Amino acid sequence: MKKRLSLNGRRLTLIAVLLPLLGLFAYVILRAGPLAPVAVVAATVEQRAIAPALFGIGTVEARYTYRIGPTVAGRVKQVAVQVGERVRAGQVLGEMDPVDLEERIAAQQAAQMRARANAAAAEAQVQDITARRTYAAAQARRFEQLLLAHTVSEDLVEAKRQELQVTEASLLAARANLDAARQETARAQSEHAALLQQRANLRLLAPVDGLVIARGADPGTTVVAGQPVVELIDPASLWVHVRFDQLRAAGLRAGLPAQVVLRSQAMQPVAGHVLRIEPVADAVTEEFLAKVVFDTLPDTLPPIGELAEVTVAQPALAPTPVLPNAGVLRVDGRLGVWRIVNDALDFTPVTLGATDLDGRVQILDGVQAGDRVVVYSQRALAARHRIKQVERLPGVLP
Amino acid sequence: MISLAGRDILHAWGKFVFTGVGLGLLIGVTLTMAGVYRGMVDDAKVLLDNSGADLWVVQQGTLGPYAESSSLYDDTWRSILGAAGVLRAANVTYLTMQVRRGERDVRAMVVGIVAGEPGQPGQPGFLVAGRHITRSHYEAVADLASGFQLGDRIQIRRNHYTVVGLTRRMVSSGGDPMIFIPLRDAQAAQFLKDNDAIVRQRARTAANPAFGAPNVLDAVLASQGSNPYVNAVLVQIEPGHDPEAVAEPLRRWKRLTVYTRQQMEEILIGKLIATSSKQIGMFLVILAIVSAAIVAFIIYTLTLGKIREIAVLKLIGTRNRTIAGMILQQAIGLGLIGFVVGKIAATFWAPFFPKYVLLETGDALRGFIAVVVICILASVLAIRAALKVDPAEAIGG
C-alpha cells in the first residue's frame, strides 16, 4: 500500500515538473514564433487643422558690404582703423603712398607760374604793339594831309600806310599770342588741380557709417587697383541668407514670419520675417534661396557667417483628417495606412496633403476621422498578421 | 495498466528529468548557433529590404554601396529618373562611423536619405516610435539597437542631431544599427574633417604659391569645402517592368553599374559576409555532430546502467519486444524533454545576444526530427546490448 502511494506521488511530481515545461513550450511557440501576434501602437485619425512650416539653414550676412581700395595700383601708406571699429561717413580709413605725386604737384605749380609769366609778357607785347600802331596810324594820317598840300611825295605816304598795316598785323599776332598764353595758364591750372584731386583720391574714405570687418592690407603692402584695403559693412543691414530644400519649400513667400535660431544661442530664438525669395534657385544643391531679416536686431550683433536655423511659419490650413507620418507606408508600390477593422489589418491607400514639422500629415482621401490606424509596429506588417495593441512598443522608453 | 517504460522512468524520475534538461541545454546551444547563422544572413537581407529599392545604381565597376565604396555625382539621379521603367529614384549615402551621445559612443551606420514624402527609397519602412524626418537638417531616426531614445541629442562629426524617430531591425550587414539623417547633412558628415584638420588644410592651401593672386585662394578654399557625391542611387521600378530590362539601358548608356535585388543578395551573402558566415556555419556543423554524439552516448549509457534490471526482466520471461519498446520509449521521451527544454532556453536567451539571433521554425522542426532520429539510432545500439544480456547476470552479478 505504502509503495503504491509512493508511486503515485512520484507520478504527480513528474507531472508537476513536465506540465509547466509543456506550458512554457506552448507559450514560446505561440508568442515568439511566426504564430505570435505583432505588437502595434494604434492611433485615431483626428480632424484638425495643421500649420505647415518650412525649415531652412542659413548664414548671417550683411546686405551692404563696402570694399574700400585704391583706384590705381600702389602701396599702402597707412591704415587708420582696426577691425571692429565703427566709422562715420567721410572718415579717413587709410591712405595710399603718393610716391612722386608731391614733386609732380610742385613741378606743375612751377609750370603754372611760368604760364602766368608768359601771359603777362604777351600782354605787355600787345600793349607795346598797340602803342606803335597808334603812332603809325597818326603818322599815316599826317602824311595823307601833307600829300593833299603837295608837301610830301607819294612814295613817302605809301611807306607810312604800309607801316600802319604792318603794326596792325603785329597787333593781331600779339593778341593771339596773349590768348595762347592765357590758355596755357588755364591748362597748367587744370593739371595742378587734377594732381591735387589725385592726391585726395589716395585717401580712403568711408562712404557710409559702418563697421570695419576686415583689413585687407597693412602699410607697405602693394595692392592692385580695386583690391580692398578695408572692408565695411552696414551693421543695421544684417540678414540671414537661407537655403530651403526644394522638396519642402511649398508655400514659401515674402512676408511670412520666421523664427531664427543662431547656432551660438540655441535657446533664444529671434523673430524675423522673409524679405524675399531669390528669383534664381540653386540648381546644383536643389535648394531655394531666400533672405530673412530680423524684426529687431539682437543686442550683440551675430558675426557674419554664423549658422542659423530658420523656421518659417505658414498660416493654419482648414481642418482635415490628420495622422502622424509614421503611419503612412508604401506597400507594393502603393502609399497607404494599415486600418484596424475588427482587430484585423486592412491596407487602405491614401492621398496625402500638407505636412507640418511635427510629423503630422493631412489625409485627403482614404480614411475618415475616427478610424483607427497602425502608427508603430514591431515589424513590417502584412494583412495576415494577428495584432496586439499596446501602449508602447518594447524597447521604447516613455 | 502501466507501461514498463513509464514504470522505469518513475523509478528514477529525478535522474531522467535532469538528464533531459542537460540534453536540452545542449540542444538549445545548437539551436542558438543555427539562430546566430540565420541572423547573420538575415541582417544582410533586411539591409536590402529596408532600402526599399528594386535597383541599386552605383559607380561603374564597383560592388557598392555595401561591399565596396562607390561614389556618384549627386545629380545623377535626375538622369536616372528619366529612364524608361523607373518610378522613383533617390540618392543615398552610407557611412559606418562612431556616433556620440554625451560620453558614450556607438558604432553605427549613418544613412543619408532624401527626406521627402513617406515611402521614398532609402527611408525606414516602419517606425516603433516618434516620427519620420521632416526638417531638411539636424534630425535623426535611430535604430533601437543603438540605445538612443526619442529626444536624445547625438553628435555626428561636428553637428548635433535630435532623435525624432526610432526603428527596429534596421541594421547594416555587419549588424551595426542604422541612423538615418538628411542627405545634405550626411554628405557633409562623410566629407567633414574635424576643425583642426580643416584649419591645417586651409593653411596648407594658403602656403601654395600658385594661389597668390587675390581672391583665388578664397575660391580654391570654397571649392575644397563641398562634397557633391553620394554612394548610390536607389531606384524603384514601375509595376510590371522586369528589373533586368530597366537596368540594362542604364548600364549601357549611363555608364553606371546597376544591381538587381538578386545580384545584390549574391554580393552581400556570397562576398561580404561569406567568410564569417562560413565560419559560423562550420562551427554549427561541428556542434551539431558533437551534440548528436553526446545524445547518443547518454542514451546508451543510461540503458547500460539498467543492465541488471533488464536481466531480471529477461529472467522472469519478458519478451524481447517489450524490453526493446521500453528502451525506445525512454530514449524518445528523453529526446522530447531535451527538445522542449532546448527550444525554451534558446527562445529566452536569444534576445540577450548583441547581434540578431533568428530562430527559424524550419530550423526547430529540422532539429526536432534530428533529435528523434538520433534517439532512435542510439536506442537501437542500446537495445542490441540489452538483448545480448545473459539473464544469469541478474543472479550472478
# chains A, B, ... in the order shown; residues from 1 in each chain; ligands from 1

call {"tool": "interface_residues", "arguments": {"of": "chain B", "to": "chain A", "cutoff": "7 Å", "atoms": "only C-alpha atoms", "output": "PyMOL selection string"}}
result
chain B and resi 10+13+116+118-119+125-129+131-132+134-136+144+149+340+344+347+361

call {"tool": "select_by_dssp", "arguments": {"residues": "range 64-118 of chain A", "states": "strand (DSSP E or B)", "output": "MDAnalysis selection string"}}
result
chainID A and resid 65:68 74:79 86:87 92:96

call {"tool": "residues_around", "arguments": {"residues": "Gln98 in chain B", "least_positions_apart": "3", "cutoff": "7 Å", "atoms": "only C-alpha atoms", "output": "PyMOL selection string"}}
result
chain B and resi 105-108

call {"tool": "residues_around", "arguments": {"residues": "Leu302 in chain B", "least_positions_apart": "4", "cutoff": "12 Å", "atoms": "only C-alpha atoms", "output": "tab-separated table (two decimals) with N, CA and C atoms, in the first residue's frame"}}
result
chain	number	residue	atom	x	y	z
B	8	ASP	N	9.61	2.47	-15.27
B	8	ASP	CA	11.07	2.64	-15.08
B	8	ASP	C	11.42	4.12	-14.89
B	9	ILE	N	10.76	4.99	-15.68
B	9	ILE	CA	11.04	6.42	-15.54
B	9	ILE	C	10.66	6.89	-14.15
B	12	ALA	N	13.17	6.24	-11.38
B	12	ALA	CA	14.29	7.17	-11.19
B	12	ALA	C	13.99	8.46	-11.94
B	15	LYS	N	16.65	11.49	-12.01
B	15	LYS	CA	17.77	11.26	-12.92
B	15	LYS	C	17.32	11.49	-14.36
B	16	PHE	N	16.11	10.98	-14.68
B	16	PHE	CA	15.58	11.09	-16.04
B	16	PHE	C	15.37	12.55	-16.43
B	19	THR	N	18.70	14.49	-16.69
B	19	THR	CA	19.42	14.15	-17.91
B	19	THR	C	18.77	14.86	-19.10
B	20	GLY	N	17.40	14.85	-19.11
B	20	GLY	CA	16.67	15.51	-20.19
B	20	GLY	C	16.98	16.99	-20.25
B	294	ILE	N	26.79	13.16	-28.24
B	294	ILE	CA	26.58	13.17	-26.78
B	294	ILE	C	25.21	12.59	-26.45
B	295	VAL	N	24.18	12.99	-27.24
B	295	VAL	CA	22.83	12.47	-27.00
B	295	VAL	C	22.85	10.94	-27.12
B	296	ALA	N	23.54	10.45	-28.16
B	296	ALA	CA	23.60	9.00	-28.37
B	296	ALA	C	24.31	8.32	-27.20
B	297	PHE	N	25.43	8.86	-26.76
B	297	PHE	CA	26.19	8.24	-25.66
B	297	PHE	C	25.36	8.21	-24.39
B	298	ILE	N	24.65	9.33	-24.11
B	298	ILE	CA	23.89	9.41	-22.86
B	298	ILE	C	22.82	8.32	-22.84
B	306	LYS	N	21.13	0.15	-16.61
B	306	LYS	CA	19.96	-0.61	-16.14
B	306	LYS	C	20.10	-2.09	-16.53
B	307	ILE	N	21.31	-2.51	-16.87
B	307	ILE	CA	21.51	-3.83	-17.44
B	307	ILE	C	21.05	-4.94	-16.48
B	327	ILE	N	13.04	0.57	-23.92
B	327	ILE	CA	14.26	1.38	-24.14
B	327	ILE	C	13.97	2.49	-25.16
B	328	LEU	N	13.25	2.14	-26.26
B	328	LEU	CA	12.95	3.12	-27.30
B	328	LEU	C	12.08	4.25	-26.76
B	330	GLN	N	11.79	5.26	-23.69
B	330	GLN	CA	12.57	6.11	-22.78
B	330	GLN	C	13.46	7.07	-23.56
B	331	ALA	N	14.10	6.56	-24.63
B	331	ALA	CA	15.02	7.39	-25.40
B	331	ALA	C	14.26	8.54	-26.06
B	334	LEU	N	13.22	11.08	-23.52
B	334	LEU	CA	14.37	11.91	-23.15
B	334	LEU	C	14.61	12.97	-24.23
B	378	ALA	N	20.41	5.74	-31.37
B	378	ALA	CA	21.15	5.43	-30.15
B	378	ALA	C	20.47	4.29	-29.40
B	379	SER	N	19.12	4.30	-29.39
B	379	SER	CA	18.44	3.25	-28.64
B	379	SER	C	18.59	1.90	-29.34
B	381	LEU	N	21.32	0.84	-30.74
B	381	LEU	CA	22.57	0.31	-30.20
B	381	LEU	C	22.34	-0.25	-28.79
B	382	ALA	N	21.59	0.53	-27.99
B	382	ALA	CA	21.37	0.12	-26.60
B	382	ALA	C	20.53	-1.16	-26.54
B	383	ILE	N	19.54	-1.23	-27.47
B	383	ILE	CA	18.68	-2.42	-27.48
B	383	ILE	C	19.51	-3.66	-27.80
B	385	ALA	N	22.60	-4.17	-27.16
B	385	ALA	CA	23.39	-4.52	-25.97
B	385	ALA	C	22.48	-5.19	-24.92
B	386	ALA	N	21.24	-4.64	-24.79
B	386	ALA	CA	20.34	-5.16	-23.75
B	386	ALA	C	19.89	-6.58	-24.07

call {"tool": "closest_residue", "arguments": {"among": "B:Ile369, B:Ile310, B:Val163, B:Val141", "to": "Thr322 in chain B", "atoms": "only C-alpha atoms"}}
result
B:Ile310

call {"tool": "atom_distance", "arguments": {"atom1": "CA of Ala206 in chain A", "atom2": "CA of Gly226 in chain A"}}
result
15.2 Å

call {"tool": "select_by_dssp", "arguments": {"residues": "range 71-144 of chain B", "states": "alpha helix (DSSP H)", "output": "count of residues only"}}
result
6

call {"tool": "atom_distance", "arguments": {"atom1": "CA of Leu47 in chain B", "atom2": "CA of Ile179 in chain B"}}
result
12.7 Å

call {"tool": "residues_around", "arguments": {"residues": "Ala354 in chain A", "least_positions_apart": "3", "cutoff": "9 Å", "atoms": "only C-alpha atoms", "output": "MDAnalysis selection string"}}
result
chainID A and resid 50:52 317 360:363

call {"tool": "write_last_selection", "arguments": {"atoms": "N, CA and C atoms", "output": "mmCIF file, in the first residue's frame"}}
result
data_model
loop_
_atom_site.group_PDB
_atom_site.id
_atom_site.type_symbol
_atom_site.label_atom_id
_atom_site.label_comp_id
_atom_site.auth_asym_id
_atom_site.auth_seq_id
_atom_site.Cartn_x
_atom_site.Cartn_y
_atom_site.Cartn_z
ATOM 1 N N ILE A 50 -3.755 71.825 -39.373
ATOM 2 C CA ILE A 50 -2.310 71.860 -39.121
ATOM 3 C C ILE A 50 -1.732 73.114 -39.765
ATOM 4 N N ALA A 51 -0.656 73.575 -39.183
ATOM 5 C CA ALA A 51 0.034 74.757 -39.712
ATOM 6 C C ALA A 51 1.377 74.304 -40.254
ATOM 7 N N PRO A 52 1.483 74.126 -41.564
ATOM 8 C CA PRO A 52 2.759 73.674 -42.100
ATOM 9 C C PRO A 52 3.830 74.739 -41.858
ATOM 10 N N LEU A 317 -4.050 75.593 -41.996
ATOM 11 C CA LEU A 317 -4.927 75.178 -43.091
ATOM 12 C C LEU A 317 -6.287 74.773 -42.526
ATOM 13 N N ARG A 360 2.929 65.635 -38.589
ATOM 14 C CA ARG A 360 1.531 65.335 -38.880
ATOM 15 C C ARG A 360 1.292 65.547 -40.370
ATOM 16 N N VAL A 361 0.488 64.686 -40.945
ATOM 17 C CA VAL A 361 0.249 64.792 -42.375
ATOM 18 C C VAL A 361 -1.255 64.737 -42.630
ATOM 19 N N GLN A 362 -1.700 65.575 -43.557
ATOM 20 C CA GLN A 362 -3.129 65.591 -43.903
ATOM 21 C C GLN A 362 -3.448 64.383 -44.770
ATOM 22 N N ILE A 363 -4.576 63.733 -44.490
ATOM 23 C CA ILE A 363 -5.035 62.626 -45.328
ATOM 24 C C ILE A 363 -6.242 63.145 -46.111
#

call {"tool": "residues_around", "arguments": {"residues": "Phe339 in chain B", "least_positions_apart": "3", "cutoff": "10 Å", "atoms": "only C-alpha atoms", "output": "ChimeraX atom specification"}}
result
/A:25 /B:20-21,23-28,31,333-336,342-345,364,367-369,371-372

call {"tool": "residues_around", "arguments": {"residues": "Leu211 in chain A", "least_positions_apart": "5", "cutoff": "6 Å", "atoms": "only C-alpha atoms", "output": "VMD selection string"}}
result
chain A and resid 85 to 86 232 to 233

call {"tool": "closest_residue", "arguments": {"among": "B:Phe348, B:Ala324, B:Ser51, B:Leu268", "to": "Arg31 in chain A", "atoms": "only C-alpha atoms"}}
result
B:Phe348

call {"tool": "atom_distance", "arguments": {"atom1": "CA of Arg182 in chain A", "atom2": "CA of Arg114 in chain A"}}
result
11.1 Å

call {"tool": "decode", "arguments": {"residues": "range 337-365 of chain A", "atoms": "N, CA and C atoms", "output": "PDB file, in the first residue's frame"}}
result
ATOM      1  N   VAL A 337      -2.253  53.316 -45.422  1.00  0.00           N
ATOM      2  CA  VAL A 337      -2.157  53.090 -43.980  1.00  0.00           C
ATOM      3  C   VAL A 337      -2.777  51.726 -43.659  1.00  0.00           C
ATOM      4  N   TRP A 338      -2.338  51.153 -42.533  1.00  0.00           N
ATOM      5  CA  TRP A 338      -2.954  49.909 -42.046  1.00  0.00           C
ATOM      6  C   TRP A 338      -4.106  50.302 -41.149  1.00  0.00           C
ATOM      7  N   ARG A 339      -5.324  50.089 -41.626  1.00  0.00           N
ATOM      8  CA  ARG A 339      -6.502  50.408 -40.831  1.00  0.00           C
ATOM      9  C   ARG A 339      -6.831  49.183 -39.981  1.00  0.00           C
ATOM     10  N   ILE A 340      -7.284  49.430 -38.761  1.00  0.00           N
ATOM     11  CA  ILE A 340      -7.674  48.303 -37.897  1.00  0.00           C
ATOM     12  C   ILE A 340      -9.189  48.182 -37.949  1.00  0.00           C
ATOM     13  N   VAL A 341      -9.665  47.107 -38.543  1.00  0.00           N
ATOM     14  CA  VAL A 341     -11.107  46.865 -38.634  1.00  0.00           C
ATOM     15  C   VAL A 341     -11.378  45.550 -37.925  1.00  0.00           C
ATOM     16  N   ASN A 342     -12.132  45.603 -36.834  1.00  0.00           N
ATOM     17  CA  ASN A 342     -12.462  44.416 -36.049  1.00  0.00           C
ATOM     18  C   ASN A 342     -11.207  43.622 -35.690  1.00  0.00           C
ATOM     19  N   ASP A 343     -10.187  44.326 -35.194  1.00  0.00           N
ATOM     20  CA  ASP A 343      -8.935  43.693 -34.761  1.00  0.00           C
ATOM     21  C   ASP A 343      -8.162  43.018 -35.886  1.00  0.00           C
ATOM     22  N   ALA A 344      -8.537  43.307 -37.144  1.00  0.00           N
ATOM     23  CA  ALA A 344      -7.769  42.752 -38.261  1.00  0.00           C
ATOM     24  C   ALA A 344      -7.196  43.921 -39.064  1.00  0.00           C
ATOM     25  N   LEU A 345      -6.156  43.622 -39.836  1.00  0.00           N
ATOM     26  CA  LEU A 345      -5.476  44.683 -40.581  1.00  0.00           C
ATOM     27  C   LEU A 345      -6.062  44.810 -41.975  1.00  0.00           C
ATOM     28  N   ASP A 346      -6.174  46.055 -42.426  1.00  0.00           N
ATOM     29  CA  ASP A 346      -6.681  46.295 -43.771  1.00  0.00           C
ATOM     30  C   ASP A 346      -5.865  47.432 -44.357  1.00  0.00           C
ATOM     31  N   PHE A 347      -5.160  47.159 -45.451  1.00  0.00           N
ATOM     32  CA  PHE A 347      -4.324  48.212 -46.036  1.00  0.00           C
ATOM     33  C   PHE A 347      -5.186  49.108 -46.912  1.00  0.00           C
ATOM     34  N   THR A 348      -5.219  50.415 -46.569  1.00  0.00           N
ATOM     35  CA  THR A 348      -6.058  51.357 -47.293  1.00  0.00           C
ATOM     36  C   THR A 348      -5.177  52.402 -47.968  1.00  0.00           C
ATOM     37  N   PRO A 349      -5.216  52.484 -49.293  1.00  0.00           N
ATOM     38  CA  PRO A 349      -4.425  53.523 -49.960  1.00  0.00           C
ATOM     39  C   PRO A 349      -4.962  54.914 -49.597  1.00  0.00           C
ATOM     40  N   VAL A 350      -4.071  55.878 -49.462  1.00  0.00           N
ATOM     41  CA  VAL A 350      -4.493  57.230 -49.088  1.00  0.00           C
ATOM     42  C   VAL A 350      -3.842  58.251 -50.012  1.00  0.00           C
ATOM     43  N   THR A 351      -4.423  59.443 -50.023  1.00  0.00           N
ATOM     44  CA  THR A 351      -3.832  60.583 -50.722  1.00  0.00           C
ATOM     45  C   THR A 351      -3.388  61.572 -49.656  1.00  0.00           C
ATOM     46  N   LEU A 352      -2.151  61.988 -49.749  1.00  0.00           N
ATOM     47  CA  LEU A 352      -1.593  62.850 -48.710  1.00  0.00           C
ATOM     48  C   LEU A 352      -1.710  64.315 -49.091  1.00  0.00           C
ATOM     49  N   GLY A 353      -1.866  65.142 -48.070  1.00  0.00           N
ATOM     50  CA  GLY A 353      -1.873  66.590 -48.276  1.00  0.00           C
ATOM     51  C   GLY A 353      -0.624  67.200 -47.681  1.00  0.00           C
ATOM     52  N   ALA A 354      -0.811  68.347 -47.038  1.00  0.00           N
ATOM     53  CA  ALA A 354       0.336  69.059 -46.485  1.00  0.00           C
ATOM     54  C   ALA A 354       0.831  68.371 -45.214  1.00  0.00           C
ATOM     55  N   THR A 355       2.075  68.654 -44.859  1.00  0.00           N
ATOM     56  CA  THR A 355       2.628  68.116 -43.616  1.00  0.00           C
ATOM     57  C   THR A 355       3.146  69.272 -42.783  1.00  0.00           C
ATOM     58  N   ASP A 356       3.246  69.048 -41.477  1.00  0.00           N
ATOM     59  CA  ASP A 356       3.889  70.067 -40.657  1.00  0.00           C
ATOM     60  C   ASP A 356       5.168  69.499 -40.062  1.00  0.00           C
ATOM     61  N   LEU A 357       5.894  70.362 -39.355  1.00  0.00           N
ATOM     62  CA  LEU A 357       7.217  69.946 -38.881  1.00  0.00           C
ATOM     63  C   LEU A 357       7.139  68.957 -37.731  1.00  0.00           C
ATOM     64  N   ASP A 358       5.969  68.831 -37.087  1.00  0.00           N
ATOM     65  CA  ASP A 358       5.831  67.855 -36.014  1.00  0.00           C
ATOM     66  C   ASP A 358       5.484  66.474 -36.548  1.00  0.00           C
ATOM     67  N   GLY A 359       5.494  66.328 -37.868  1.00  0.00           N
ATOM     68  CA  GLY A 359       5.283  64.997 -38.434  1.00  0.00           C
ATOM     69  C   GLY A 359       3.825  64.658 -38.646  1.00  0.00           C
ATOM     70  N   ARG A 360       2.929  65.635 -38.589  1.00  0.00           N
ATOM     71  CA  ARG A 360       1.531  65.335 -38.880  1.00  0.00           C
ATOM     72  C   ARG A 360       1.292  65.547 -40.370  1.00  0.00           C
ATOM     73  N   VAL A 361       0.488  64.686 -40.945  1.00  0.00           N
ATOM     74  CA  VAL A 361       0.249  64.792 -42.375  1.00  0.00           C
ATOM     75  C   VAL A 361      -1.255  64.737 -42.630  1.00  0.00           C
ATOM     76  N   GLN A 362      -1.700  65.575 -43.557  1.00  0.00           N
ATOM     77  CA  GLN A 362      -3.129  65.591 -43.903  1.00  0.00           C
ATOM     78  C   GLN A 362      -3.448  64.383 -44.770  1.00  0.00           C
ATOM     79  N   ILE A 363      -4.576  63.733 -44.490  1.00  0.00           N
ATOM     80  CA  ILE A 363      -5.035  62.626 -45.328  1.00  0.00           C
ATOM     81  C   ILE A 363      -6.242  63.145 -46.111  1.00  0.00           C
ATOM     82  N   LEU A 364      -6.056  63.372 -47.394  1.00  0.00           N
ATOM     83  CA  LEU A 364      -7.131  63.983 -48.180  1.00  0.00           C
ATOM     84  C   LEU A 364      -8.169  62.954 -48.592  1.00  0.00           C
ATOM     85  N   ASP A 365      -7.732  61.703 -48.693  1.00  0.00           N
ATOM     86  CA  ASP A 365      -8.651  60.705 -49.207  1.00  0.00           C
ATOM     87  C   ASP A 365      -8.222  59.336 -48.702  1.00  0.00           C
TER      88      ASP A 365
END
